$ cat input_2.csv   # CSV, C-alpha atoms
chain,number,residue,atom,x,y,z
A,1448,MET,CA,0.0,0.0,0.0
A,1449,ASN,CA,3.0,2.3,0.7
A,1450,ILE,CA,4.2,1.8,-2.9
A,1451,ARG,CA,0.8,2.7,-4.3
A,1452,LEU,CA,0.6,5.8,-2.2
A,1453,LEU,CA,4.1,6.9,-3.3
A,1454,ILE,CA,3.1,6.4,-7.0
A,1455,ILE,CA,-0.1,8.5,-6.5
A,1456,ILE,CA,1.9,11.3,-4.8
A,1457,LEU,CA,4.4,11.3,-7.7
A,1458,LEU,CA,1.6,11.4,-10.2
A,1459,ILE,CA,-0.1,14.3,-8.6
A,1460,SER,CA,3.2,16.2,-8.6
A,1461,THR,CA,3.8,15.3,-12.2
A,1462,VAL,CA,0.3,16.5,-13.2
A,1463,SER,CA,0.9,19.9,-11.5
A,1464,PHE,CA,4.2,20.4,-13.3
A,1465,ALA,CA,2.8,19.1,-16.6
A,1466,GLN,CA,-0.1,21.6,-16.6
A,1467,GLU,CA,2.4,24.5,-16.5
A,1468,GLU,CA,4.6,23.0,-19.3
A,1469,THR,CA,1.6,22.3,-21.5
A,1470,THR,CA,0.5,25.9,-21.3
A,1471,LYS,CA,4.0,27.0,-22.4
A,1472,ILE,CA,4.1,24.6,-25.3
A,1473,ASP,CA,0.7,25.4,-26.6
A,1474,SER,CA,1.5,29.1,-26.6
A,1475,ILE,CA,4.6,28.6,-28.6
A,1476,ASN,CA,3.2,26.6,-31.5
A,1477,ASP,CA,-0.2,25.3,-32.5
A,1478,ASN,CA,1.0,23.1,-35.3
A,1479,THR,CA,0.0,19.4,-34.6
A,1480,ASN,CA,2.6,18.1,-37.1
A,1481,LEU,CA,5.4,19.4,-34.8
A,1482,PHE,CA,4.0,17.3,-31.9
A,1483,ILE,CA,2.8,14.1,-33.6
A,1484,GLU,CA,4.3,11.9,-36.3
A,1485,LYS,CA,1.6,9.7,-37.9
A,1486,TYR,CA,2.0,6.1,-39.0
A,1487,HIS,CA,-1.6,5.4,-39.9
A,1488,GLN,CA,-0.7,3.4,-43.0
A,1489,GLN,CA,1.4,1.0,-40.9
A,1490,LEU,CA,0.2,-2.1,-39.3
A,1491,ASN,CA,1.5,-2.6,-35.7
A,1492,ILE,CA,1.8,-6.0,-34.1
A,1493,ASN,CA,3.1,-6.3,-30.6
A,1494,PHE,CA,3.4,-9.1,-28.1
A,1495,GLU,CA,2.3,-8.2,-24.5
A,1496,VAL,CA,2.8,-9.9,-21.2
A,1497,SER,CA,0.7,-8.8,-18.1
A,1498,ASN,CA,-0.4,-10.0,-14.7
A,1499,GLU,CA,-4.0,-9.0,-15.3
A,1500,ARG,CA,-6.7,-11.2,-13.9
A,1501,THR,CA,-10.1,-10.9,-12.3
A,1502,ASN,CA,-10.9,-11.2,-8.6
A,1503,TYR,CA,-14.0,-10.8,-6.5
A,1504,SER,CA,-15.2,-10.8,-2.9
A,1505,VAL,CA,-17.9,-13.4,-2.2
A,1506,PRO,CA,-19.7,-14.0,1.1
A,1507,TYR,CA,-18.8,-17.5,2.3
A,1508,GLU,CA,-19.6,-19.1,5.7
A,1509,ASP,CA,-19.1,-16.3,8.3
A,1510,GLY,CA,-16.5,-14.4,6.3
A,1511,VAL,CA,-15.6,-13.0,2.9
A,1512,ALA,CA,-13.9,-15.2,0.3
A,1513,GLU,CA,-11.4,-13.6,-2.0
A,1514,VAL,CA,-11.9,-15.5,-5.2
A,1515,LYS,CA,-9.4,-15.4,-8.1
A,1516,SER,CA,-9.1,-17.2,-11.5
A,1517,ASN,CA,-6.4,-19.8,-11.8
A,1518,LEU,CA,-4.2,-18.0,-14.3
A,1519,ASN,CA,-0.6,-17.0,-14.3
A,1520,LEU,CA,0.9,-14.3,-16.5
A,1521,ARG,CA,-1.4,-13.3,-19.4
A,1522,TYR,CA,-0.1,-13.2,-23.0
A,1523,ALA,CA,-1.6,-11.4,-25.9
A,1524,PHE,CA,-1.0,-10.2,-29.4
A,1525,VAL,CA,-2.2,-6.7,-30.1
A,1526,PHE,CA,-2.9,-5.5,-33.6
A,1527,GLY,CA,-3.1,-1.7,-34.3
A,1528,TYR,CA,-4.1,-0.1,-37.6
A,1529,ARG,CA,-5.4,3.5,-38.1
A,1530,PHE,CA,-8.3,4.0,-35.7
A,1531,ILE,CA,-8.6,0.4,-34.4
A,1532,SER,CA,-6.7,-1.8,-32.0
A,1533,VAL,CA,-7.6,-5.4,-31.2
A,1534,ARG,CA,-6.1,-7.5,-28.4
A,1535,VAL,CA,-6.2,-11.3,-28.7
A,1536,GLY,CA,-5.3,-13.1,-25.6
A,1537,ILE,CA,-3.4,-16.4,-25.4
A,1538,ARG,CA,-4.4,-18.9,-22.7
A,1539,PRO,CA,-1.4,-19.2,-20.3
A,1540,PRO,CA,-0.2,-22.7,-19.4
A,1541,VAL,CA,-1.3,-24.1,-16.0
A,1542,SER,CA,0.5,-27.1,-14.5
A,1543,ASP,CA,-1.5,-30.3,-13.5
A,1544,GLU,CA,-0.5,-29.6,-9.8
A,1545,GLU,CA,-2.0,-26.0,-10.1
A,1546,LYS,CA,-5.2,-27.5,-11.6
A,1547,ILE,CA,-5.6,-29.8,-8.6
A,1548,ASN,CA,-4.8,-27.1,-6.0
A,1549,LYS,CA,-6.6,-24.1,-7.6
A,1550,GLY,CA,-9.0,-25.7,-10.0
A,1551,LYS,CA,-9.6,-25.1,-13.7
A,1552,SER,CA,-10.4,-21.7,-15.1
A,1553,LYS,CA,-11.9,-21.1,-18.5
A,1554,ILE,CA,-11.7,-17.6,-20.0
A,1555,PHE,CA,-12.7,-15.7,-23.1
A,1556,ARG,CA,-11.7,-12.1,-23.5
A,1557,LEU,CA,-11.9,-9.6,-26.4
A,1558,ARG,CA,-10.7,-6.1,-26.1
A,1559,VAL,CA,-11.1,-3.4,-28.8
A,1560,LYS,CA,-9.9,0.2,-28.9
A,1561,LEU,CA,-11.3,2.8,-31.3
A,1562,LEU,CA,-9.0,5.8,-31.3
A,1563,PHE,CA,-9.9,9.0,-33.1
A,1564,ASP,CA,-8.5,12.5,-33.2
A,1565,ARG,CA,-10.6,13.7,-30.2
A,1566,TRP,CA,-12.7,10.8,-29.0
A,1567,SER,CA,-11.4,7.4,-27.9
A,1568,HIS,CA,-13.4,4.3,-26.9
A,1569,HIS,CA,-12.2,1.2,-25.1
A,1570,LEU,CA,-14.5,-1.9,-25.2
A,1571,LEU,CA,-14.0,-5.2,-23.4
A,1572,TYR,CA,-16.0,-8.4,-23.1
A,1573,ASN,CA,-14.7,-10.9,-20.5
A,1574,ARG,CA,-16.2,-14.3,-19.6
A,1575,GLN,CA,-14.6,-16.4,-16.9
A,1576,GLU,CA,-15.6,-19.7,-15.3
A,1577,GLY,CA,-13.8,-21.4,-12.4
A,1578,TYR,CA,-12.3,-19.6,-9.4
A,1579,TYR,CA,-10.5,-20.5,-6.2
A,1580,LEU,CA,-10.2,-18.9,-2.7
A,1581,SER,CA,-6.9,-17.1,-2.3
A,1582,ASN,CA,-7.6,-16.8,1.5
A,1583,SER,CA,-8.6,-20.5,1.9
A,1584,ASP,CA,-6.6,-20.7,5.1
A,1585,GLU,CA,-9.2,-18.5,6.8
A,1586,PHE,CA,-11.9,-21.3,6.4
A,1587,SER,CA,-12.1,-25.0,7.2
A,1588,ILE,CA,-10.7,-27.2,4.4
A,1589,SER,CA,-11.4,-31.0,4.0
A,1590,SER,CA,-8.2,-31.6,2.1
A,1591,GLU,CA,-5.0,-32.7,3.9
A,1592,ASN,CA,-3.0,-31.1,1.2
A,1593,ASP,CA,-1.5,-27.9,2.5
A,1594,ASP,CA,-1.4,-26.3,-0.9
A,1595,PHE,CA,-5.0,-27.1,-1.8
A,1596,HIS,CA,-7.4,-24.1,-2.1
A,1597,ILE,CA,-11.2,-24.2,-1.7
A,1598,GLN,CA,-12.7,-23.8,-5.2
A,1599,PHE,CA,-15.8,-22.5,-6.9
A,1600,PRO,CA,-15.7,-24.6,-10.1
A,1601,GLY,CA,-19.0,-23.3,-11.5
A,1602,LEU,CA,-18.6,-19.7,-10.6
A,1603,THR,CA,-19.1,-17.7,-13.8
A,1604,THR,CA,-18.8,-14.0,-14.5
A,1605,ASN,CA,-19.8,-12.2,-17.7
A,1606,VAL,CA,-18.7,-8.5,-18.0
A,1607,PHE,CA,-19.1,-6.0,-20.8
A,1608,GLN,CA,-17.5,-2.7,-20.0
A,1609,GLY,CA,-16.4,0.4,-21.9
A,1610,THR,CA,-14.7,3.7,-21.5
A,1611,SER,CA,-15.1,6.8,-23.7
A,1612,VAL,CA,-12.9,9.8,-23.3
A,1613,TYR,CA,-12.5,13.2,-25.0
A,1614,LYS,CA,-9.1,14.8,-25.6
A,1615,PHE,CA,-8.9,18.6,-25.3
A,1616,ASN,CA,-5.3,19.2,-26.5
A,1617,LYS,CA,-5.0,18.2,-30.2
A,1618,ASN,CA,-1.2,18.1,-29.8
A,1619,TYR,CA,-1.4,15.2,-27.4
A,1620,SER,CA,-1.3,11.7,-29.0
A,1621,LEU,CA,-3.2,9.0,-27.2
A,1622,ARG,CA,-2.5,6.7,-30.1
A,1623,ALA,CA,1.2,6.9,-29.3
A,1624,ILE,CA,0.5,5.3,-25.9
A,1625,GLU,CA,-2.5,3.0,-26.7
A,1626,ASN,CA,-1.7,1.5,-30.2
A,1627,GLN,CA,1.5,3.0,-31.4
A,1628,THR,CA,0.2,4.3,-34.7
A,1629,GLU,CA,1.7,7.6,-33.9
A,1630,ILE,CA,4.8,9.0,-32.3
A,1631,GLN,CA,4.8,11.8,-29.8
A,1632,LEU,CA,7.5,14.2,-30.8
A,1633,GLN,CA,7.4,16.7,-27.9
A,1634,SER,CA,6.4,16.6,-24.3
A,1635,VAL,CA,2.8,17.6,-23.9
A,1636,GLY,CA,-0.3,16.9,-21.7
A,1637,THR,CA,-4.0,17.1,-21.9
A,1638,PHE,CA,-7.2,17.2,-19.8
A,1639,MET,CA,-9.2,14.1,-20.8
A,1640,PRO,CA,-12.6,13.7,-19.1
A,1641,GLY,CA,-14.7,10.6,-19.8
A,1642,ILE,CA,-17.3,8.1,-18.8
A,1643,ASP,CA,-17.0,4.4,-17.7
A,1644,TYR,CA,-19.9,2.0,-18.0
A,1645,LYS,CA,-20.2,-1.7,-17.2
A,1646,TYR,CA,-22.8,-4.5,-17.3
A,1647,TYR,CA,-22.1,-7.6,-15.3
A,1648,ASN,CA,-23.6,-10.8,-14.0
A,1649,LEU,CA,-22.2,-13.4,-11.6
A,1650,SER,CA,-23.7,-16.8,-11.0
A,1651,GLY,CA,-22.7,-20.4,-10.1
A,1652,ALA,CA,-21.6,-19.8,-6.5
A,1653,ASP,CA,-23.7,-22.8,-5.2
A,1654,GLU,CA,-21.0,-25.5,-5.8
A,1655,VAL,CA,-17.9,-25.6,-3.6
A,1656,LYS,CA,-15.0,-28.1,-3.9
A,1657,MET,CA,-13.6,-28.7,-0.4
A,1658,SER,CA,-10.9,-31.3,-1.3
A,1659,GLU,CA,-9.6,-33.2,-4.3
A,1660,ASP,CA,-12.5,-35.7,-4.0
A,1661,GLU,CA,-15.3,-33.7,-2.2
A,1662,THR,CA,-17.7,-31.2,-3.8
A,1663,ILE,CA,-20.7,-29.9,-1.9
A,1664,LYS,CA,-23.7,-27.8,-2.6
A,1665,ARG,CA,-24.2,-24.6,-0.6
A,1666,GLU,CA,-27.6,-24.1,1.0
A,1667,THR,CA,-27.3,-20.3,0.9
A,1668,TYR,CA,-25.6,-18.3,-1.9
A,1669,SER,CA,-26.2,-15.3,-4.1
A,1670,GLU,CA,-26.3,-14.3,-7.7
A,1671,ILE,CA,-26.0,-10.7,-8.9
A,1672,ASN,CA,-26.3,-8.6,-12.1
A,1673,GLY,CA,-26.1,-4.9,-12.6
A,1674,PHE,CA,-25.1,-1.8,-14.4
A,1675,SER,CA,-22.6,0.8,-13.3
A,1676,PHE,CA,-21.9,4.2,-14.7
A,1677,ALA,CA,-19.2,6.7,-13.7
A,1678,VAL,CA,-17.8,10.0,-14.8
A,1679,ASN,CA,-14.1,10.9,-14.4
A,1680,ALA,CA,-11.8,13.9,-15.0
A,1681,ALA,CA,-8.4,12.6,-16.1
A,1682,TYR,CA,-5.1,14.4,-16.9
A,1683,HIS,CA,-2.5,12.7,-19.1
A,1684,TYR,CA,1.1,13.8,-19.7
A,1685,THR,CA,3.8,12.4,-22.0
A,1686,PHE,CA,7.4,13.3,-21.5
A,1687,VAL,CA,9.6,12.8,-24.7
A,1688,PHE,CA,13.3,12.3,-24.4
A,1689,HIS,CA,15.5,12.2,-27.5
A,1690,LYS,CA,12.5,11.9,-29.9
A,1691,TYR,CA,11.7,8.2,-29.5
A,1692,TRP,CA,12.1,7.6,-25.7
A,1693,PHE,CA,9.1,8.5,-23.6
A,1694,ALA,CA,7.5,8.4,-20.2
A,1695,ASN,CA,3.7,8.8,-19.6
A,1696,ALA,CA,1.7,9.4,-16.4
A,1697,TYR,CA,-2.0,10.0,-15.7
A,1698,ALA,CA,-4.4,10.4,-12.9
A,1699,SER,CA,-8.2,10.0,-13.2
A,1700,PRO,CA,-10.5,10.6,-10.2
A,1701,GLY,CA,-14.2,9.9,-10.7
A,1702,VAL,CA,-17.6,9.2,-9.1
A,1703,GLY,CA,-20.3,6.7,-10.1
A,1704,ILE,CA,-23.4,4.8,-9.3
A,1705,ASP,CA,-23.9,1.0,-9.3
A,1706,LEU,CA,-27.5,-0.3,-9.9
A,1707,TYR,CA,-27.7,-3.9,-9.2
A,1708,LYS,CA,-30.2,-6.8,-8.5
A,1709,SER,CA,-29.3,-9.7,-6.3
A,1710,LYS,CA,-31.0,-13.1,-5.8
A,1711,THR,CA,-30.2,-14.9,-2.6
A,1712,TYR,CA,-31.1,-18.6,-2.4
A,1713,THR,CA,-31.8,-20.0,1.1
A,1714,PRO,CA,-33.2,-23.4,2.2
A,1715,GLU,CA,-36.6,-21.7,2.9
A,1716,ASN,CA,-37.0,-19.3,-0.1
A,1717,ILE,CA,-35.5,-17.1,-2.7
A,1718,ILE,CA,-34.9,-13.4,-1.8
A,1719,ASN,CA,-34.9,-10.9,-4.6
A,1720,ASP,CA,-33.4,-7.5,-3.9
A,1721,SER,CA,-32.6,-4.3,-5.9
A,1722,ASP,CA,-30.4,-1.6,-4.7
A,1723,ASN,CA,-27.8,1.0,-5.7
A,1724,ALA,CA,-24.5,2.2,-4.4
A,1725,PHE,CA,-22.5,5.4,-5.0
A,1726,PHE,CA,-18.8,5.0,-5.2
A,1727,PHE,CA,-15.6,7.0,-5.7
A,1728,ALA,CA,-13.0,5.7,-8.1
A,1729,PHE,CA,-9.4,6.7,-8.7
A,1730,LYS,CA,-7.3,5.4,-11.7
A,1731,THR,CA,-3.7,6.1,-12.1
A,1732,GLY,CA,-0.7,4.7,-14.1
A,1733,ILE,CA,2.8,5.2,-15.3
A,1734,SER,CA,4.5,3.8,-18.4
A,1735,GLY,CA,7.6,4.3,-20.5
A,1736,GLY,CA,9.6,2.9,-23.4
A,1737,TYR,CA,10.8,3.4,-26.9
A,1738,ASN,CA,8.6,4.2,-29.8
A,1739,GLY,CA,10.7,4.2,-32.9
A,1740,GLU,CA,9.9,4.3,-36.6
A,1741,LYS,CA,9.8,0.5,-36.9
A,1742,ILE,CA,10.4,-1.1,-33.4
A,1743,PHE,CA,8.6,-0.1,-30.2
A,1744,ALA,CA,8.7,-1.5,-26.7
A,1745,GLY,CA,7.7,-0.5,-23.2
A,1746,ALA,CA,6.3,-1.3,-19.8
A,1747,GLY,CA,3.6,0.1,-17.6
A,1748,TYR,CA,1.8,-0.1,-14.2
A,1749,ASN,CA,-1.8,0.8,-13.6
A,1750,TYR,CA,-3.8,0.9,-10.3
A,1751,VAL,CA,-7.5,1.2,-9.8
A,1752,TYR,CA,-9.2,2.0,-6.5
A,1753,VAL,CA,-12.9,1.7,-6.0
A,1754,SER,CA,-14.6,2.6,-2.7
A,1755,GLU,CA,-17.7,0.5,-3.2
A,1756,LYS,CA,-18.1,-2.2,-0.6
A,1757,PHE,CA,-21.0,-4.7,-0.5
A,1758,GLN,CA,-22.4,-5.9,2.7
A,1759,GLY,CA,-24.3,-9.0,3.9
A,1760,ASN,CA,-25.0,-11.6,1.2
A,1761,ASN,CA,-24.0,-9.4,-1.7
A,1762,ILE,CA,-20.9,-9.7,-3.9
A,1763,GLN,CA,-18.3,-7.1,-4.5
A,1764,VAL,CA,-18.0,-6.8,-8.3
A,1765,GLN,CA,-16.0,-3.5,-8.5
A,1766,PRO,CA,-12.8,-4.6,-6.8
A,1767,SER,CA,-9.7,-2.4,-6.6
A,1768,LYS,CA,-6.8,-3.9,-8.5
A,1769,ASP,CA,-3.4,-3.2,-10.0
A,1770,LYS,CA,-1.6,-4.6,-13.0
A,1771,PHE,CA,1.7,-4.3,-14.9
A,1772,HIS,CA,2.4,-5.1,-18.5
A,1773,ILE,CA,5.4,-5.2,-20.8
A,1774,TYR,CA,5.3,-5.3,-24.6
A,1775,VAL,CA,7.5,-5.3,-27.7
A,1776,GLY,CA,6.3,-4.7,-31.3
A,1777,TYR,CA,7.0,-3.9,-34.9
A,1778,ARG,CA,5.3,-1.8,-37.5
A,1779,PHE,CA,5.2,-2.4,-41.2
A,1780,ARG,CA,3.2,-1.3,-44.2
A,1781,ALA,CA,-0.3,-2.8,-44.0
A,1782,PRO,CA,-1.2,-5.4,-46.6
A,1783,LYS,CA,-3.8,-4.6,-49.3
A,1784,GLN,CA,-6.1,-7.2,-47.7
A,1785,LEU,CA,-6.3,-5.0,-44.7
A,1786,ARG,CA,-6.2,-1.6,-46.3
A,1787,ALA,CA,-9.1,-2.3,-48.7
A,1788,PRO,CA,-11.8,-3.2,-46.1
A,1789,VAL,CA,-10.8,-0.3,-43.8
A,1790,ASP,CA,-10.8,2.1,-46.8
A,1791,TYR,CA,-14.3,0.9,-47.6
A,1792,ILE,CA,-15.5,1.4,-44.0
A,1793,GLU,CA,-14.1,4.9,-43.9
A,1794,LYS,CA,-15.8,5.7,-47.3
A,1795,LYS,CA,-19.2,4.5,-46.0
A,1796,VAL,CA,-18.7,6.2,-42.6
A,1797,PRO,CA,-17.0,9.6,-43.3
A,1798,LEU,CA,-16.7,10.4,-39.6
A,1799,LEU,CA,-14.1,7.7,-39.4
A,1800,LYS,CA,-11.8,9.1,-42.1
A,1801,GLU,CA,-8.9,11.1,-40.8
A,1802,ASP,CA,-5.6,12.5,-42.1
A,1803,THR,CA,-3.4,9.5,-42.4
A,1804,GLY,CA,-0.1,11.4,-42.6
A,1805,GLU,CA,2.7,10.9,-45.1
A,1806,ASN,CA,4.6,8.0,-43.4

$ encode --input "input_2.csv" --output "structure tokens"
Amino acid sequence: MNIRLLIIILLISTVSFAQEETTKIDSINDNTNLFIEKYHQQLNINFEVSNERTNYSVPYEDGVAEVKSNLNLRYAFVFGYRFISVRVGIRPPVSDEEKINKGKSKIFRLRVKLLFDRWSHHLLYNRQEGYYLSNSDEFSISSENDDFHIQFPGLTTNVFQGTSVYKFNKNYSLRAIENQTEIQLQSVGTFMPGIDYKYYNLSGADEVKMSEDETIKRETYSEINGFSFAVNAAYHYTFVFHKYWFANAYASPGVGIDLYKSKTYTPENIINDSDNAFFFAFKTGISGGYNGEKIFAGAGYNYVYVSEKFQGNNIQVQPSKDKFHIYVGYRFRAPKQLRAPVDYIEKKVPLLKEDTGEN
């Protein structure tokens, strides 16, 4: 927690300094070409490694179970071309011993970014089945295996979420950070307000695996589905060193509301409940790397804090989390098979067509 607090303090200091520097730069020159070098005709492919995985808090016995999916580091290929970026994940290998001790997790995830001159949209669909209790030692376990974790083999989550942001400073390149179809040439920052929205459902918490050979049915358990909406006010700043080397930092406080319905199953009856909860959220992150004409690589760290806490038989579905990622990629001229359909889409939807630059 001390490391996270230090990062937040550094980011706040960075934002204060960045605001002053941005004002100076904007007053000197308003020519976007001096700040952004475009590579919209290039196809970017990069390989990414991250520790991103989903976790939730679920009421269990007389306590709270911290459930996680049984996944190690996440691998993915990311394809970026013009206004679109698609991330295709690769299922990480899990040993037979881990499958026994933490269960099997099935996952499908699709992430798409739509990045335009001013507006940017991030869309994600994530489905996961199979979780284990990371804090199993706080509950009674039937297994004599010290490494065995209590498991929810049927626990399934479906989440569709999105983020839409508006960039005020045209000299700031979000594409240089998000899909590397541009290069930021000079240090600059921007105010970037936006909205977050999420639809989710969670079910299958009725079955619990207590040991390698024992699976029981719970008499009392909950299912939940809901929709959350939040507004945030972010500030992003990119430092450029020697043209191709960069460092980026951002801070994004926000407030939101979660509207949810829960269904609690008991031996006597089924209890339906609808409620809402207001929450405060804070997102922050730092990243850096090299963004050259052909080769690019970097690393980043992101942290999300959400104040929302569910009580009683409810489930916490807006958990705070942190993640890191590293990536390396290469850009080359897009093949005709890709350029033709994108050209057709831009022709049919003029709003998508933008200046593709000369590179």

$ closest_atom_pairs --input "input_2.csv" --of "segment 1572-1664 of chain A" --to "segment 1483-1488 of chain A" --cutoff "12 Å" --atoms "only C-alpha atoms" --output "tab-separated table"
residue	atom	partner	partner_atom	distance
A:Asn1616	CA	A:Ile1483	CA	11.9
A:Lys1617	CA	A:Ile1483	CA	9.4
A:Asn1618	CA	A:Ile1483	CA	6.8
A:Tyr1619	CA	A:Ile1483	CA	7.6
A:Ser1620	CA	A:Ile1483	CA	6.6
A:Leu1621	CA	A:Ile1483	CA	10.1
A:Arg1622	CA	A:Lys1485	CA	9.3
A:Ala1623	CA	A:Ile1483	CA	8.5
A:Ile1624	CA	A:Ile1483	CA	11.9
A:Asn1626	CA	A:His1487	CA	10.5
A:Gln1627	CA	A:Tyr1486	CA	8.2
A:Thr1628	CA	A:Tyr1486	CA	5.0
A:Glu1629	CA	A:Lys1485	CA	4.5
A:Ile1630	CA	A:Glu1484	CA	5.0
A:Gln1631	CA	A:Ile1483	CA	4.9
A:Leu1632	CA	A:Ile1483	CA	5.5
A:Gln1633	CA	A:Ile1483	CA	7.8
A:Ser1634	CA	A:Ile1483	CA	10.3
A:Val1635	CA	A:Ile1483	CA	10.3

$ atom_distance --input "input_2.csv" --atom1 "atom CA of Ser1504 of chain A" --atom2 "atom CA of Lys1708 of chain A"
16.5 Å

$ closest_residue --input "input_2.csv" --among "A:Asp1593, A:Glu1495, A:Glu1715, A:Asp1643" --to "Thr1667 of chain A" --atoms "only C-alpha atoms"
A:Glu1715

$ closest_residue --input "input_2.csv" --among "A:Leu1561, A:Val1533, A:Ile1663, A:Ala1512" --to "Phe1586 of chain A" --atoms "only C-alpha atoms"
A:Ala1512

$ closest_residue --input "input_2.csv" --among "A:Phe1779, A:Phe1524, A:Tyr1644, A:Phe1638" --to "His1569 of chain A" --atoms "all atoms listed in the file"
A:Tyr1644

$ closest_residue --input "input_2.csv" --among "A:Trp1566, A:Phe1674, A:Phe1482, A:Tyr1791" --to "Tyr1613 of chain A" --atoms "all atoms listed in the file"
A:Trp1566

$ atom_distance --input "input_2.csv" --atom1 "atom CA of Val1753 of chain A" --atom2 "atom CA of Phe1599 of chain A"
24.4 Å

$ closest_residue --input "input_2.csv" --among "A:Arg1786, A:Ser1754, A:Lys1645, A:Met1657" --to "Tyr1707 of chain A" --atoms "all atoms listed in the file"
A:Lys1645

$ atom_distance --input "input_2.csv" --atom1 "atom CA of Ile1704 of chain A" --atom2 "atom CA of Ala1680 of chain A"
15.8 Å

$ residues_around --input "input_2.csv" --residues "Lys1741 of chain A" --least-positions-apart "6" --cutoff "9 Å" --atoms "only C-alpha atoms" --output "list of chain:residue names"
A:Asn1491, A:Gly1776, A:Tyr1777, A:Arg1778, A:Phe1779

$ closest_residue --input "input_2.csv" --among "A:Ile1773, A:Ala1523, A:Ala1694, A:Leu1570" --to "Ser1734 of chain A" --atoms "only C-alpha atoms"
A:Ala1694

$ residues_around --input "input_2.csv" --residues "Thr1662 of chain A" --least-positions-apart "4" --cutoff "10 Å" --atoms "only C-alpha atoms" --output "number ranges by chain"
A: 1597-1600, 1654-1658

$ residues_near_point --input "input_2.csv" --point "(-16.0, -14.3, -3.6)" --cutoff "9 Å" --atoms "all atoms listed in the file" --output "NGL selection string"
:A and (1502-1507 or 1511-1515 or 1578-1580 or 1599 or 1652 or 1762-1763)

$ residues_near_point --input "input_2.csv" --point "(-7.6, 13.3, -12.6)" --cutoff "8 Å" --atoms "only C-alpha atoms" --output "JSON, numbers by chain"
{"A": [1679, 1680, 1681, 1682, 1697, 1698, 1699, 1700, 1701, 1729, 1730]}

$ decode --input "input_2.csv" --residues "segment 1636-1649 of chain A" --atoms "N, CA and C atoms" --output "tab-separated table (two decimals), in the first residue's frame"
chain	number	residue	atom	x	y	z
A	1636	GLY	N	0.77	17.54	-22.53
A	1636	GLY	CA	-0.27	16.89	-21.74
A	1636	GLY	C	-1.65	17.38	-22.15
A	1637	THR	N	-2.67	16.74	-21.59
A	1637	THR	CA	-4.03	17.14	-21.92
A	1637	THR	C	-5.00	16.76	-20.82
A	1638	PHE	N	-6.03	17.54	-20.68
A	1638	PHE	CA	-7.18	17.20	-19.85
A	1638	PHE	C	-8.04	16.24	-20.66
A	1639	MET	N	-8.49	15.14	-20.05
A	1639	MET	CA	-9.21	14.11	-20.80
A	1639	MET	C	-10.36	13.54	-19.95
A	1640	PRO	N	-11.49	14.24	-19.89
A	1640	PRO	CA	-12.64	13.70	-19.15
A	1640	PRO	C	-13.28	12.54	-19.90
A	1641	GLY	N	-14.04	11.74	-19.18
A	1641	GLY	CA	-14.66	10.59	-19.84
A	1641	GLY	C	-15.72	9.94	-18.98
A	1642	ILE	N	-16.28	8.86	-19.51
A	1642	ILE	CA	-17.29	8.08	-18.80
A	1642	ILE	C	-16.89	6.61	-18.84
A	1643	ASP	N	-17.23	5.89	-17.78
A	1643	ASP	CA	-17.05	4.45	-17.70
A	1643	ASP	C	-18.41	3.80	-17.53
A	1644	TYR	N	-18.63	2.69	-18.19
A	1644	TYR	CA	-19.90	1.97	-18.04
A	1644	TYR	C	-19.62	0.47	-18.06
A	1645	LYS	N	-20.46	-0.26	-17.33
A	1645	LYS	CA	-20.23	-1.70	-17.18
A	1645	LYS	C	-21.55	-2.42	-16.93
A	1646	TYR	N	-21.75	-3.52	-17.65
A	1646	TYR	CA	-22.83	-4.45	-17.34
A	1646	TYR	C	-22.18	-5.76	-16.91
A	1647	TYR	N	-22.70	-6.37	-15.85
A	1647	TYR	CA	-22.08	-7.58	-15.33
A	1647	TYR	C	-23.13	-8.53	-14.77
A	1648	ASN	N	-22.80	-9.80	-14.74
A	1648	ASN	CA	-23.59	-10.77	-13.97
A	1648	ASN	C	-22.65	-11.85	-13.44
A	1649	LEU	N	-23.01	-12.38	-12.30
A	1649	LEU	CA	-22.21	-13.39	-11.62
A	1649	LEU	C	-23.15	-14.46	-11.10
